[in-house]
Amino acid sequence: MSNIPYKIWFNGKFVPWDEANVHTLTHTLHYGLAVFEGIRAYKCDDNRSAVFRLKEHVDRLYSSAHIANIKIPFTKEQTTEAILELLSINELDAAYIRPIAYIGSGKIGLHPGDNPIELAIAAYPWGTYLGEGALSKGITTKISSLTRMGVNSFMTKAKISGNYVNSVMAKVEATSLGFDEAILLDNEGYVAEGSGENIFIFRNGVLKTPPLTSVLEGITRDAVIQIAKEEGLNFEAERFTRDELYIADEAFFTGTAAEITPIREVDKRTIGQGKPGPITKKLQSRFFDIVQGRDPKYIDWLEFFFTTTPLKVKNESL
Ligand code: PPE
């Protein structure tokens, strides 16, 4: 028993954390076809909290399911409602939210047949993704020995569990060698993304991120592009090489979990001044103002919910 006090929304019911389990013959466990999301809710002022871009995340979950041929037996509205109810039942004023739709147990063998599609949603506190000081000091990275999967081998527009075999292996390789995170190149050798983040560089006055070919269509990536344009920055969705990354003035990752994490080193080469640069810091501070409800211009990106109770536990290592 874990003593974790949070409930999990499981196929329409709220169940205790320790009871949200699967059978060993779950189809997805064997073959990796499931779709999931990572969503964050932030504490704002006035006892209010807000989920960041909830609609976009729920839309992407259903797009992923459409690509994967998984028919989620709940509507988008039911899923949205379930997420908000779960935050309230768990008395969370800030959280990471993880919905997953997977193919349950039944027939074994590649064809999923009539196996049931299950939907589970967890929500729990999750602090800084890439370690203490990552947001303020930046992190170290390594170009992975693994290549990001190609567009017709894996469905890169979908957040499919099996895609993450590539990410998990890259992450473990990089951290076992003493780096904080991996950067994967695409099939043609251009920079693609981190194991769980999109990547940006700022060089010679231009902000660049790889185009949406072999990378996930990140919702944070999109937010950063919109903020950068509003700031009047020159922006290009353009491929770049690992050596251009080495000589960038600034580099950073974006993602729901990673938020905006500065990169201070790639393959033992210092990036810029070896600390978060002015563009990264500006985008970071705009981002946190937006997600915490301090920027009225982007209020439409927030789904507010009210909380009065503080977090029950602060366990960042769940
Ligand atoms: N690329 C990948 C491969 C990726 O997994 C993520 C999110 C992104 C880009 C950024 O997408 P977005 O969150 O929409 O801005 N990674 C999720 C899972 C991380 C995990 O460790 O699990 C996340 O950030 O929630």
# chains A, B, ... in the order shown; residues from 1 in each chain; ligands from 1
call {"tool": "residues_near_ligand", "arguments": {"ligand": "ligand 1", "cutoff": "6 Å", "atoms": "only C-alpha atoms and all ligand atoms", "output": "list in words"}}
result
Gly38, Ile39, Ser195, Gly196, Glu197, Asn198, Leu216, Gly218, Ile219, Thr220, Arg221, Thr254, Gly255, Thr256, Ala257 and Ala258 of chain A
call {"tool": "residues_around", "arguments": {"residues": "Gly104 of chain A", "least_positions_apart": "6", "cutoff": "10 Å", "atoms": "only C-alpha atoms", "output": "list in words"}}
result
Val22, His23, Thr24, Leu25, Thr26, His27, Thr28, Leu29, Ala34, Pro112, Asp114, Asn115, Pro116, Ile117, Glu118 and Leu119 of chain A
call {"tool": "closest_atom_pairs", "arguments": {"of": "segment 60-140 of chain A", "to": "segment 175-181 of chain A", "cutoff": "9 Å", "atoms": "only C-alpha atoms", "output": "tab-separated table"}}
result
residue	atom	partner	partner_atom	distance
A:Leu130	CA	A:Asp180	CA	6.9
A:Gly131	CA	A:Asp180	CA	8.2
A:Ile139	CA	A:Asp180	CA	6.0
A:Thr140	CA	A:Asp180	CA	5.2
call {"tool": "select_by_dssp", "arguments": {"residues": "segment 43-154 of chain A", "states": "helix (DSSP H, G or I)", "output": "PyMOL selection string"}}
result
chain A and resi 54-68+76-89+134-137
call {"tool": "select_by_dssp", "arguments": {"residues": "segment 110-300 of chain A", "states": "strand (DSSP E or B)", "output": "MDAnalysis selection string"}}
result
chainID A and resid 117:124 139:147 160 181:185 191:194 198:203 206:209 234:237 250:255 259:266 269:270
call {"tool": "residues_around", "arguments": {"residues": "Ser214 of chain A", "least_positions_apart": "6", "cutoff": "12 Å", "atoms": "only C-alpha atoms", "output": "PyMOL selection string"}}
result
chain A and resi 147-158+163+184-194+198+239
call {"tool": "atom_distance", "arguments": {"atom1": "atom CA of Val51 of chain A", "atom2": "atom CA of Ile97 of chain A"}}
result
9.2 Å
call {"tool": "residues_around", "arguments": {"residues": "segment 265-279 of chain A", "least_positions_apart": "3", "cutoff": "10 Å", "atoms": "only C-alpha atoms", "output": "PyMOL selection string"}}
result
chain A and resi 134-144+179-183+201-203+205+207+228+231+233+242-243+245-252+261-262+282-285
call {"tool": "closest_residue", "arguments": {"among": "A:Glu230, A:Glu259, A:Glu236, A:Glu244", "to": "Lys297 of chain A", "atoms": "only C-alpha atoms"}}
result
A:Glu230
call {"tool": "atom_distance", "arguments": {"atom1": "atom CA of Ile83 of chain A", "atom2": "atom CA of Glu303 of chain A"}}
result
11.0 Å
call {"tool": "atom_distance", "arguments": {"atom1": "atom CA of Leu212 of chain A", "atom2": "atom CA of Phe235 of chain A"}}
result
14.5 Å
call {"tool": "residues_around", "arguments": {"residues": "Asn90 of chain A", "least_positions_apart": "3", "cutoff": "8 Å", "atoms": "only C-alpha atoms", "output": "PDB file with C-alpha atoms, in the first residue's frame"}}
result
ATOM      1  CA  PRO A   5      -4.333   9.813  -0.819  1.00  0.00           C
ATOM      2  CA  TYR A   6      -5.392  10.609  -4.375  1.00  0.00           C
ATOM      3  CA  LYS A   7      -8.218   9.033  -6.277  1.00  0.00           C
ATOM      4  CA  LEU A  86     -10.770  14.779 -10.209  1.00  0.00           C
ATOM      5  CA  LEU A  87      -8.828  17.934  -9.291  1.00  0.00           C
ATOM      6  CA  ALA A 123      -3.804  13.890 -11.068  1.00  0.00           C
TER       7      ALA A 123
END
call {"tool": "residues_around", "arguments": {"residues": "Leu33 of chain A", "least_positions_apart": "3", "cutoff": "7 Å", "atoms": "only C-alpha atoms", "output": "number ranges by chain"}}
result
A: 28, 102, 160-162
